[in-house]
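Novice: So here's structure36.txt (compact mmCIF, C-alpha atoms and all ligand atoms).
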```txt
# COMPACT_ATOMS: atom_id res chain seq x y z
CA MET A 229 113.56 -4.97 -51.46
CA LEU A 230 110.54 -6.05 -53.43
CA ASP A 231 110.94 -6.61 -57.13
CA THR A 232 108.85 -3.83 -58.65
CA ASN A 233 109.08 -5.30 -62.14
CA LEU A 234 106.34 -7.89 -61.86
CA ASP A 235 104.86 -6.43 -65.00
CA LYS A 236 102.67 -9.15 -66.34
CA VAL A 237 100.19 -6.32 -66.63
CA GLY A 238 101.50 -2.91 -67.62
CA ILE A 239 100.30 0.60 -66.92
CA ALA A 240 99.23 3.15 -69.52
CA PHE A 241 98.69 6.87 -68.86
CA ARG A 242 95.49 7.93 -70.63
CA GLY A 243 94.55 11.38 -69.41
CA SER A 244 95.20 14.28 -67.07
CA GLY A 245 93.24 17.15 -65.58
CA SER A 246 93.66 19.94 -63.05
CA TYR A 247 91.89 22.74 -61.24
CA ILE A 248 93.14 25.92 -59.65
CA PRO A 249 91.05 28.33 -57.57
CA GLU A 250 90.23 31.78 -58.92
CA GLN A 251 91.52 33.87 -56.01
CA ILE A 252 95.15 34.99 -56.40
CA LEU A 253 97.26 35.94 -53.39
CA THR A 254 100.43 37.75 -54.47
CA ASN A 255 103.69 38.24 -52.59
CA ALA A 256 102.78 41.92 -52.34
CA ASP A 257 99.53 40.91 -50.59
CA ILE A 258 101.45 38.72 -48.11
CA SER A 259 103.90 41.52 -47.38
CA LYS A 260 100.91 43.50 -46.05
CA ILE A 261 100.26 40.90 -43.35
CA VAL A 262 103.78 39.75 -42.35
CA ASP A 263 107.24 41.33 -42.44
CA THR A 264 108.44 40.11 -45.83
CA SER A 265 108.84 41.33 -49.40
CA ASP A 266 108.18 40.19 -52.95
CA LYS A 267 111.94 40.19 -53.53
CA TRP A 268 112.70 37.99 -50.49
CA ILE A 269 110.02 35.45 -51.35
CA LYS A 270 111.00 35.26 -55.05
CA THR A 271 114.71 34.93 -54.28
CA ARG A 272 114.30 32.28 -51.56
CA THR A 273 111.45 30.27 -53.07
CA GLY A 274 110.76 31.24 -56.70
CA ILE A 275 107.10 31.88 -55.80
CA SER A 276 105.29 35.00 -57.04
CA GLU A 277 101.70 34.15 -56.23
CA ARG A 278 99.47 31.31 -55.10
CA ARG A 279 95.77 30.41 -55.41
CA ILE A 280 93.43 30.35 -52.41
CA SER A 281 90.11 28.46 -52.38
CA ASP A 282 87.05 30.53 -51.64
CA LYS A 283 84.00 29.33 -49.71
CA ASN A 284 82.56 27.54 -52.76
CA GLU A 285 85.78 25.67 -53.49
CA SER A 286 87.03 22.62 -51.61
CA VAL A 287 89.13 19.48 -51.97
CA CYS A 288 86.05 17.60 -53.23
CA GLN A 289 85.11 20.27 -55.74
CA MET A 290 88.70 20.81 -56.98
CA GLY A 291 89.35 17.08 -57.10
CA TYR A 292 86.12 16.55 -59.02
CA GLU A 293 87.02 19.19 -61.64
CA ALA A 294 90.51 17.72 -62.05
CA ALA A 295 89.12 14.20 -62.39
CA LEU A 296 86.62 15.40 -64.98
CA GLY A 297 89.48 16.80 -67.08
CA ALA A 298 91.35 13.48 -66.87
CA LEU A 299 88.21 11.52 -67.82
CA GLU A 300 87.60 13.77 -70.84
CA MET A 301 91.20 13.48 -72.07
CA ALA A 302 91.10 9.71 -71.62
CA ASP A 303 87.72 9.63 -73.37
CA TRP A 304 86.30 7.40 -70.64
CA SER A 305 82.77 7.33 -69.34
CA SER A 306 82.82 7.65 -65.54
CA GLU A 307 80.97 4.32 -65.24
CA THR A 308 84.00 2.48 -66.62
CA VAL A 309 86.25 3.60 -63.74
CA ASP A 310 87.03 0.87 -61.17
CA LEU A 311 89.09 2.79 -58.62
CA ILE A 312 89.31 6.41 -57.45
CA LEU A 313 92.17 7.29 -55.13
CA LEU A 314 92.23 10.75 -53.59
CA ALA A 315 95.55 11.86 -52.13
CA THR A 316 94.90 14.67 -49.69
CA SER A 317 95.81 15.93 -46.22
CA THR A 318 92.87 18.33 -46.12
CA PRO A 319 89.72 16.30 -46.85
CA ASN A 320 86.27 17.90 -46.64
CA ASP A 321 85.33 14.94 -44.49
CA LEU A 322 87.73 13.00 -42.26
CA PHE A 323 85.67 9.87 -42.91
CA GLY A 324 86.75 10.15 -46.55
CA SER A 325 86.19 12.56 -49.42
CA ALA A 326 86.86 10.29 -52.39
CA PRO A 327 83.36 8.70 -52.30
CA SER A 328 81.79 12.13 -52.66
CA ILE A 329 83.92 12.74 -55.79
CA GLN A 330 82.82 9.30 -57.01
CA ALA A 331 79.17 10.30 -56.61
CA LYS A 332 79.67 13.68 -58.32
CA LEU A 333 81.36 11.97 -61.27
CA GLY A 334 78.66 9.32 -61.50
CA ALA A 335 81.38 6.66 -61.23
CA LYS A 336 78.91 4.18 -59.79
CA ASN A 337 81.06 1.10 -60.45
CA ALA A 338 84.18 2.45 -58.74
CA VAL A 339 85.49 2.03 -55.23
CA ALA A 340 86.86 5.30 -53.89
CA PHE A 341 89.02 6.09 -50.89
CA ASP A 342 91.43 8.67 -49.51
CA LEU A 343 95.14 8.28 -48.94
CA THR A 344 97.33 10.65 -46.93
CA ALA A 345 101.05 11.11 -47.41
CA ALA A 346 101.24 14.92 -47.43
CA CYS A 347 103.23 16.29 -50.37
CA SER A 348 104.24 12.74 -51.40
CA GLY A 349 100.57 11.76 -51.45
CA PHE A 350 100.06 11.82 -55.19
CA LEU A 351 103.12 9.63 -55.83
CA PHE A 352 102.04 7.18 -53.12
CA ALA A 353 98.50 7.08 -54.56
CA LEU A 354 99.74 6.58 -58.11
CA ILE A 355 101.86 3.62 -57.05
CA THR A 356 99.04 2.19 -54.91
CA ALA A 357 96.58 2.42 -57.81
CA ALA A 358 99.14 0.86 -60.14
CA GLN A 359 99.41 -2.19 -57.86
CA TYR A 360 95.66 -2.84 -58.12
CA LEU A 361 95.92 -2.59 -61.90
CA ARG A 362 99.00 -4.76 -62.16
CA THR A 363 97.48 -7.57 -60.15
CA GLY A 364 94.47 -7.57 -62.44
CA THR A 365 92.10 -6.49 -59.66
CA PHE A 366 91.01 -3.32 -61.46
CA LYS A 367 91.38 -2.01 -65.00
CA ARG A 368 90.81 1.73 -64.86
CA ALA A 369 91.82 4.14 -62.10
CA LEU A 370 91.57 7.85 -61.44
CA VAL A 371 94.34 9.13 -59.19
CA ILE A 372 93.65 12.55 -57.75
CA GLY A 373 95.87 14.88 -55.71
CA ALA A 374 93.99 17.77 -54.09
CA ASP A 375 94.80 19.99 -51.15
CA GLN A 376 93.57 23.13 -49.48
CA LEU A 377 96.45 23.96 -47.15
CA SER A 378 95.36 27.61 -46.96
CA SER A 379 92.90 26.49 -44.26
CA PHE A 380 95.76 25.32 -42.03
CA VAL A 381 98.50 27.84 -42.75
CA ASN A 382 99.43 30.20 -39.93
CA TRP A 383 99.01 33.45 -41.85
CA GLY A 384 101.10 35.20 -39.21
CA ASP A 385 104.17 32.94 -39.71
CA ARG A 386 106.34 34.43 -42.44
CA GLY A 387 108.56 31.33 -42.46
CA SER A 388 105.78 29.13 -43.84
CA CYS A 389 102.78 31.18 -45.07
CA ILE A 390 104.69 32.31 -48.16
CA LEU A 391 104.97 28.76 -49.50
CA PHE A 392 101.55 27.19 -49.79
CA GLY A 393 98.55 27.41 -52.11
CA ASP A 394 95.51 25.34 -53.11
CA GLY A 395 94.76 23.22 -56.18
CA ALA A 396 94.13 19.78 -57.63
CA GLY A 397 95.35 17.50 -60.37
CA ALA A 398 94.38 14.03 -61.60
CA LEU A 399 95.57 11.25 -63.87
CA ALA A 400 93.61 8.49 -65.59
CA ILE A 401 95.65 5.27 -65.70
CA GLU A 402 94.77 1.91 -67.17
CA ALA A 403 95.96 -1.70 -67.00
CA CYS A 404 97.43 -2.76 -70.29
CA SER A 405 98.31 -6.28 -71.40
CA ASP A 406 100.68 -5.49 -74.27
CA SER A 407 102.85 -2.65 -72.95
CA ASN A 408 104.01 -0.94 -69.77
CA ASN A 409 104.82 2.74 -69.30
CA LEU A 410 105.38 2.78 -65.53
CA TYR A 411 108.88 1.37 -65.22
CA GLY A 412 109.76 1.43 -61.57
CA PHE A 413 109.38 3.26 -58.30
CA THR A 414 110.68 3.74 -54.78
CA LEU A 415 108.64 4.87 -51.76
CA LYS A 416 110.16 5.84 -48.42
CA THR A 417 109.14 7.25 -45.05
CA ASP A 418 111.11 8.24 -41.98
CA GLY A 419 108.88 8.93 -39.00
CA TYR A 420 111.94 9.65 -36.84
CA ARG A 421 112.23 12.99 -38.62
CA GLY A 422 108.46 13.54 -38.67
CA GLY A 423 108.65 16.56 -36.36
CA PHE A 424 110.07 18.80 -39.09
CA LEU A 425 106.69 19.37 -40.76
CA ASN A 426 103.31 18.81 -39.12
CA LEU A 427 99.62 19.50 -39.29
CA SER A 428 98.66 17.85 -36.04
CA ILE A 429 95.57 17.60 -33.90
CA SER A 430 95.34 20.11 -31.07
CA ASP A 431 95.64 19.03 -27.41
CA ASP A 432 92.66 21.18 -26.40
CA GLN A 433 90.40 19.23 -24.08
CA GLU A 434 86.89 19.58 -22.82
CA GLU A 435 85.01 17.68 -20.18
CA ILE A 436 82.17 15.37 -21.20
CA ILE A 437 81.16 14.69 -17.63
CA ASP A 438 83.01 14.81 -14.30
CA ASN A 439 86.66 13.75 -14.84
CA ILE A 440 86.09 12.37 -18.33
CA ASN A 441 87.75 14.58 -20.90
CA TYR A 442 87.87 14.37 -24.64
CA LYS A 443 90.19 15.99 -27.14
CA LYS A 444 88.43 18.57 -29.27
CA GLY A 445 88.39 17.66 -32.96
CA LYS A 446 90.55 20.60 -33.92
CA TYR A 447 93.81 20.87 -35.83
CA ARG A 448 96.75 23.16 -35.18
CA ASN A 449 98.28 25.27 -37.93
CA ILE A 450 101.09 23.90 -40.05
CA THR A 451 104.42 23.97 -38.22
CA MET A 452 107.67 23.61 -40.13
CA ASN A 453 111.41 23.65 -39.63
CA GLY A 454 112.17 25.11 -43.06
CA GLN A 455 115.92 24.61 -42.98
CA GLU A 456 115.68 20.94 -41.99
CA VAL A 457 113.02 20.24 -44.63
CA TYR A 458 115.20 21.97 -47.20
CA LYS A 459 118.26 19.89 -46.24
CA PHE A 460 116.19 16.69 -46.28
CA ALA A 461 114.87 17.41 -49.78
CA VAL A 462 118.16 18.34 -51.43
CA ARG A 463 119.85 15.28 -49.92
CA GLU A 464 117.22 12.53 -50.30
CA VAL A 465 115.54 13.45 -53.60
CA PRO A 466 118.63 13.24 -55.88
CA LEU A 467 119.61 10.02 -54.10
CA VAL A 468 116.25 8.30 -54.58
CA ILE A 469 116.07 9.36 -58.24
CA ASP A 470 119.65 8.35 -58.96
CA ASN A 471 119.11 4.90 -57.43
CA LEU A 472 115.85 4.42 -59.34
CA LEU A 473 117.49 5.33 -62.66
CA LYS A 474 120.31 2.87 -61.97
CA GLN A 475 117.82 0.16 -60.98
CA GLU A 476 115.95 0.66 -64.26
CA ASN A 477 119.13 0.95 -66.36
CA TYR A 478 118.65 4.56 -67.36
CA LYS A 479 120.97 7.55 -67.13
CA SER A 480 119.92 11.07 -66.24
CA CYS A 481 120.70 12.15 -69.83
CA ASP A 482 117.92 9.78 -71.04
CA ILE A 483 115.28 11.75 -69.13
CA ASP A 484 113.04 14.14 -71.07
CA TRP A 485 111.52 15.77 -67.98
CA LEU A 486 112.28 16.03 -64.29
CA LEU A 487 108.88 16.40 -62.58
CA LEU A 488 109.47 17.26 -58.93
CA HIS A 489 107.02 18.13 -56.22
CA GLN A 490 106.85 21.93 -56.48
CA ALA A 491 108.12 23.02 -53.05
CA ASN A 492 110.80 25.61 -53.66
CA GLN A 493 112.62 26.65 -56.85
CA ARG A 494 115.96 26.39 -55.03
CA ILE A 495 115.17 22.73 -54.22
CA LEU A 496 114.26 22.09 -57.88
CA ASP A 497 117.50 23.75 -59.06
CA ALA A 498 119.65 21.88 -56.53
CA VAL A 499 118.13 18.49 -57.43
CA GLY A 500 118.49 19.19 -61.17
CA ASP A 501 122.14 20.22 -60.67
CA ARG A 502 122.98 17.14 -58.60
CA LEU A 503 121.48 14.85 -61.22
CA ASP A 504 123.11 16.81 -64.04
CA ILE A 505 119.71 17.46 -65.64
CA SER A 506 119.61 20.80 -67.47
CA LYS A 507 117.25 23.58 -66.34
CA GLU A 508 115.15 23.34 -69.51
CA LYS A 509 114.16 19.80 -68.53
CA VAL A 510 113.04 20.71 -65.02
CA LEU A 511 109.29 21.36 -65.08
CA THR A 512 108.20 24.27 -62.89
CA ASN A 513 105.07 26.29 -62.23
CA LEU A 514 105.97 27.27 -58.67
CA SER A 515 105.96 30.93 -59.54
CA ASN A 516 102.19 30.84 -60.18
CA TYR A 517 100.90 28.40 -57.59
CA GLY A 518 103.47 27.82 -54.82
CA ASN A 519 103.29 24.46 -53.07
CA THR A 520 99.85 22.87 -53.51
CA SER A 521 100.94 19.71 -51.63
CA ALA A 522 99.45 16.51 -53.10
CA ALA A 523 98.32 18.47 -56.18
CA THR A 524 101.66 19.76 -57.46
CA ILE A 525 102.77 16.75 -59.52
CA PRO A 526 99.53 16.08 -61.47
CA LEU A 527 98.86 19.83 -61.81
CA MET A 528 102.33 20.41 -63.28
CA LEU A 529 102.00 17.39 -65.55
CA ASP A 530 98.54 18.35 -66.78
CA GLU A 531 99.67 21.88 -67.66
CA SER A 532 102.71 20.53 -69.50
CA ILE A 533 100.61 18.05 -71.48
CA ARG A 534 97.97 20.62 -72.38
CA ASN A 535 100.55 23.20 -73.51
CA LYS A 536 102.26 20.45 -75.54
CA LYS A 537 105.54 20.62 -73.66
CA VAL A 538 105.28 16.98 -72.56
CA LYS A 539 104.55 14.73 -75.53
CA GLN A 540 103.52 11.15 -76.06
CA ASN A 541 106.30 8.73 -75.06
CA ASP A 542 108.39 11.34 -73.22
CA LEU A 543 110.40 9.78 -70.41
CA ILE A 544 109.65 11.41 -67.06
CA VAL A 545 111.18 10.90 -63.66
CA THR A 546 109.04 12.24 -60.85
CA SER A 547 109.68 12.67 -57.14
CA GLY A 548 107.35 13.59 -54.29
CA PHE A 549 108.66 14.56 -50.87
CA GLY A 550 107.39 16.17 -47.72
CA ALA A 551 105.87 15.62 -44.31
CA GLY A 552 106.10 12.22 -42.70
CA LEU A 553 108.87 12.55 -43.60
CA SER A 554 107.97 10.82 -46.84
CA TRP A 555 109.53 10.72 -50.26
CA GLY A 556 109.92 8.59 -53.33
CA ALA A 557 110.29 8.52 -57.08
CA ALA A 558 108.76 6.92 -60.16
CA LEU A 559 109.95 6.54 -63.74
CA PHE A 560 107.38 6.50 -66.53
CA ARG A 561 106.61 7.37 -70.12
CA TRP A 562 103.63 9.54 -70.85
CA GLY A 563 101.09 7.64 -72.88
N1 LIG B 601 110.55 37.18 -45.31
C1 LIG B 601 111.66 37.77 -44.82
N2 LIG B 601 112.50 37.17 -43.99
C2 LIG B 601 112.22 35.91 -43.62
C3 LIG B 601 111.09 35.23 -44.09
C4 LIG B 601 110.23 35.92 -44.95
N3 LIG B 601 109.12 35.36 -45.46
N4 LIG B 601 111.08 33.98 -43.58
C5 LIG B 601 112.17 33.88 -42.79
N5 LIG B 601 112.85 35.05 -42.83
C6 LIG B 601 114.10 35.41 -42.14
C7 LIG B 601 114.32 34.57 -40.91
O1 LIG B 601 113.65 35.12 -39.81
C8 LIG B 601 115.82 34.68 -40.78
O2 LIG B 601 116.13 35.91 -40.22
P1 LIG B 601 117.34 36.05 -39.17
O3 LIG B 601 118.57 35.64 -39.93
O4 LIG B 601 117.27 37.50 -38.81
O5 LIG B 601 117.00 35.11 -38.06
C9 LIG B 601 116.31 34.71 -42.23
O6 LIG B 601 115.17 35.12 -43.00
C10 LIG B 601 116.80 33.37 -42.74
O7 LIG B 601 115.86 32.40 -42.34
P2 LIG B 601 115.95 30.91 -42.86
O8 LIG B 601 114.89 30.10 -42.20
O9 LIG B 601 117.37 30.46 -42.73
O10 LIG B 601 115.62 31.11 -44.41
P3 LIG B 601 115.80 30.10 -45.56
O11 LIG B 601 116.79 30.59 -46.54
O12 LIG B 601 116.00 28.69 -45.03
O13 LIG B 601 114.37 30.17 -46.25
C11 LIG B 601 112.43 28.82 -46.41
C12 LIG B 601 113.23 29.79 -45.54
C13 LIG B 601 111.21 28.40 -45.65
C14 LIG B 601 112.03 29.54 -47.68
C15 LIG B 601 113.31 27.58 -46.77
O14 LIG B 601 113.92 27.09 -45.59
C16 LIG B 601 112.57 26.50 -47.43
O15 LIG B 601 112.00 26.65 -48.48
N6 LIG B 601 112.58 25.27 -46.85
C17 LIG B 601 111.86 24.16 -47.40
C18 LIG B 601 110.42 24.24 -46.97
C19 LIG B 601 109.51 23.39 -47.81
O16 LIG B 601 109.68 23.25 -48.98
N7 LIG B 601 108.47 22.84 -47.16
C20 LIG B 601 107.50 22.04 -47.79
C21 LIG B 601 108.10 20.73 -48.16
S1 LIG B 601 106.93 19.69 -48.87
```
Now, as a test, write the supplied structure out as structure tokens.

Specialist:
Amino acid sequence: MLDTNLDKVGIAFRGSGSYIPEQILTNADISKIVDTSDKWIKTRTGISERRISDKNESVCQMGYEAALGALEMADWSSETVDLILLATSTPNDLFGSAPSIQAKLGAKNAVAFDLTAACSGFLFALITAAQYLRTGTFKRALVIGADQLSSFVNWGDRGSCILFGDGAGALAIEACSDSNNLYGFTLKTDGYRGGFLNLSISDDQEEIIDNINYKKGKYRNITMNGQEVYKFAVREVPLVIDNLLKQENYKSCDIDWLLLHQANQRILDAVGDRLDISKEKVLTNLSNYGNTSAATIPLMLDESIRNKKVKQNDLIVTSGFGAGLSWGAALFRWG
């Protein structure tokens, strides 16, 4: 395994921002379209409501608003940003949406590109950005997680439509020569189990000309084997966090906050229990937003910073997990 402690250059966390759409879809609303109930959804997932983008909202617009919040908190002018990474599975433009956020921000000196790793996307993007900073290539980066899964949910499938919502979050991180607040990380994928959760291209074909067909550029709805994804998460997430803490010489009792991808409250509780981290230290906003995919981690962190729950120098272990299958963890101090 690569040594992830090549910290000649360290990472500092300078700012955070987030955006949530206005429209609220409650469990009671969902129970009008599929056979479910508020009680069932709350008991099995911890979710009460989620936000749904309207026609004026999009990954670019939400990502832009979140990035703006992070820039303001960091007190950076957009022209000083070198790198913008957008983690998303639902870009406005399959050729890339990050450059359009770059243009909206006026970040004319930055390079911007998209990265897809589903619900692990923000973690993967954070670590990717950190590598550019650590090697001295870039100094300032905006890492954005934004998703609009509502466009791909099968609103007739009660096993999955209850879970997802839309939103965005962003962090401003900076290369730092005298200190390092990003201690270590692990990233993993297992494509052999990739069939448990998919948002795949449709097989629909049309003919261009006699006997030459092309696949229509259309995506299917999200398909999910909920039980298998649940088992995967409660097994792999504690393991990857436990190994990371050992690698970095920390114990779970040293952690101020457990910041997990917000997928299901039962997953959060099970991971917290397995790591012996008390409930008060497990950050959660699932009840209000459900699973916003690549946005959950920065959205949760931004809310916790702005409501003064997470403070300067707090030690945070975070884990993203989801389709791919993909998962991983990172250990950092805020600030
Ligand atoms: N309302 C009422 N009943 C529902 C329901 C709903 N929304 N969804 C499923 N059910 C029913 C099933 O049909 C099944 O009925 P049956 O026993 O008559 O066949 C029963 O509830 C149990 O289904 P099951 O799939 O075992 O439920 P579960 O306890 O595993 O909960 C999930 C389903 C989806 C909430 C849960 O598996 C889960 O959260 N998995 C992880 C998914 C996830 O986080 N994905 C994103 C990862 S990034």

Novice: As a PyMOL selection string, please: the residues near segment 364-371 of chain A (cut-off 8 Å, all atoms listed in the file, same-chain neighbours under 6 positions excluded).

Specialist: chain A and resi 237+295+298+308-315+350+353-354+357+398-403

Novice: So that each row is one residue of chain A with an atom at most 7 Å from ligand LIG 601 (chain B), can you give its shortest atom pair and the distance in Å to one decimal, using only C-alpha atoms and all ligand atoms, rows by chain and rising number, as JSON lines?

Specialist:
```
{"residue": "A:Asp263", "atom": "CA", "partner": "B:LIG601", "partner_atom": "N1", "distance": 6.0}
{"residue": "A:Thr264", "atom": "CA", "partner": "B:LIG601", "partner_atom": "N1", "distance": 3.6}
{"residue": "A:Ser265", "atom": "CA", "partner": "B:LIG601", "partner_atom": "N1", "distance": 6.1}
{"residue": "A:Trp268", "atom": "CA", "partner": "B:LIG601", "partner_atom": "N1", "distance": 5.7}
{"residue": "A:Ile269", "atom": "CA", "partner": "B:LIG601", "partner_atom": "N3", "distance": 6.0}
{"residue": "A:Arg272", "atom": "CA", "partner": "B:LIG601", "partner_atom": "C14", "distance": 5.3}
{"residue": "A:Thr273", "atom": "CA", "partner": "B:LIG601", "partner_atom": "C14", "distance": 5.5}
{"residue": "A:Cys347", "atom": "CA", "partner": "B:LIG601", "partner_atom": "S1", "distance": 5.2}
{"residue": "A:Arg386", "atom": "CA", "partner": "B:LIG601", "partner_atom": "N3", "distance": 4.2}
{"residue": "A:Gly387", "atom": "CA", "partner": "B:LIG601", "partner_atom": "N4", "distance": 3.8}
{"residue": "A:Ser388", "atom": "CA", "partner": "B:LIG601", "partner_atom": "C13", "distance": 5.8}
{"residue": "A:Ile390", "atom": "CA", "partner": "B:LIG601", "partner_atom": "N3", "distance": 6.0}
{"residue": "A:Gly454", "atom": "CA", "partner": "B:LIG601", "partner_atom": "O14", "distance": 3.7}
{"residue": "A:Gln455", "atom": "CA", "partner": "B:LIG601", "partner_atom": "O14", "distance": 4.1}
{"residue": "A:Val457", "atom": "CA", "partner": "B:LIG601", "partner_atom": "C17", "distance": 4.9}
{"residue": "A:Tyr458", "atom": "CA", "partner": "B:LIG601", "partner_atom": "C17", "distance": 4.0}
{"residue": "A:Ala491", "atom": "CA", "partner": "B:LIG601", "partner_atom": "O16", "distance": 4.4}
{"residue": "A:Asn492", "atom": "CA", "partner": "B:LIG601", "partner_atom": "O16", "distance": 5.4}
{"residue": "A:Ser521", "atom": "CA", "partner": "B:LIG601", "partner_atom": "S1", "distance": 6.6}
{"residue": "A:Phe549", "atom": "CA", "partner": "B:LIG601", "partner_atom": "S1", "distance": 5.8}
{"residue": "A:Gly550", "atom": "CA", "partner": "B:LIG601", "partner_atom": "S1", "distance": 3.7}
{"residue": "A:Ala551", "atom": "CA", "partner": "B:LIG601", "partner_atom": "S1", "distance": 6.2}
```

Novice: Using all atoms listed in the file, which residues sit within 7 Å of Leu425 of chain A once same-chain residues fewer than 6 positions away are excluded, as a ChimeraX atom specification?

Specialist: /A:451-453,551

Novice: Deliver the residues from the most recent selection as a file, using C-alpha atoms, as a PDB file, in the coordinates of the input.

Specialist:
```pdb
ATOM      1  CA  THR A 451     104.420  23.970 -38.220  1.00  0.00           C
ATOM      2  CA  MET A 452     107.670  23.610 -40.130  1.00  0.00           C
ATOM      3  CA  ASN A 453     111.410  23.650 -39.630  1.00  0.00           C
ATOM      4  CA  ALA A 551     105.870  15.620 -44.310  1.00  0.00           C
TER       5      ALA A 551
END
```

Novice: Find the residue from A:Pro466, A:Trp304, A:Ser480, A:Ser515 that sits nearest to Val499 of chain A; use only C-alpha atoms when measuring.

Specialist: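 Ranked by minimum distance to Val499 of chain A, first place goes to A:Pro466.
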
Novice: Can you tell me which residues surround segment 241-255 of chain A at a distance of at most 8 Å, considering only C-alpha atoms, apart from same-chain residues fewer than 5 positions away, and format the answer as a VMD selection string?

Specialist: chain A and resid 265 to 266 269 275 to 282 285 290 to 291 293 to 302 390 394 to 402 409 526 to 527 529 to 531 533 562 to 563

Novice: For Asn541 of chain A, which of A:Lys507, A:His489, A:Arg561, A:Lys336 is the closest residue, counting only C-alpha atoms?

Specialist: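 Of the candidates, the smallest distance to Asn541 of chain A is held by A:Arg561.
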
Novice: Can you measure atom CA of Phe413 of chain A to atom CA of Asp482 of chain A for me? One decimal in Å is fine.

Specialist: 16.7 Å

Novice: Go through A:Thr344, A:Ser306, A:Gln289, A:Gln540 one by one, measure the shortest atom-to-atom distance of each to Leu322 of chain A using all atoms listed in the file, and give the residue with the smallest value.

Specialist: A:Thr344

Novice: So, counting only C-alpha atoms, which residue among A:Asn516, A:Ser328, A:Ser305, A:Asn471 is closest to Gly412 of chain A?

Specialist: A:Asn471

Novice: So which one's closest to Tyr420 of chain A, A:Gly349, A:Gly274, A:Gly552, A:Gly384? Using all atoms listed in the file, please.

Specialist: A:Gly552

Novice: Using only C-alpha atoms, can you tell me which of A:Val510, A:Ile355, A:Ala338, A:Leu543 comes closest to Tyr478 of chain A?

Specialist: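 Among A:Val510, A:Ile355, A:Ala338, A:Leu543, it is A:Leu543 that comes nearest to Tyr478 of chain A.
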
Novice: Assuming 5 Å of padding per side, give the centre and edge lengths of the axis-aligned box around every listed atom of segment 443-458 of chain A, in Å to one decimal and as lines of an AutoDock Vina configuration file.

Specialist:
```
center_x = 102.2
center_y = 20.6
center_z = -37.2
size_x = 37.5
size_y = 19.3
size_z = 30.1
```

Novice: So the first atom is atom CA of Ile525 of chain A and the second is atom CA of Thr546 of chain A; what is the distance between them in Å, to one decimal place?

Specialist: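 So the answer is 7.8 Å.
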
Novice: Between atom CA of Ser407 of chain A and atom CA of Trp555 of chain A, what is the distance, to one decimal in Å?

Specialist: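 If I compute the distance from atom CA of Ser407 of chain A to atom CA of Trp555 of chain A, I get 27.2 Å.
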
Novice: Per residue of segment 306-374 of chain A within 12 Å of segment 445-450 of chain A, what are the shortest atom pair and its distance in Å to one decimal, counting only C-alpha atoms, with rows by chain and residue number, as JSON lines?

Specialist:
```
{"residue": "A:Ser317", "atom": "CA", "partner": "A:Ile450", "partner_atom": "CA", "distance": 11.4}
{"residue": "A:Thr318", "atom": "CA", "partner": "A:Tyr447", "partner_atom": "CA", "distance": 10.6}
{"residue": "A:Leu322", "atom": "CA", "partner": "A:Gly445", "partner_atom": "CA", "distance": 10.4}
{"residue": "A:Ala346", "atom": "CA", "partner": "A:Ile450", "partner_atom": "CA", "distance": 11.6}
```
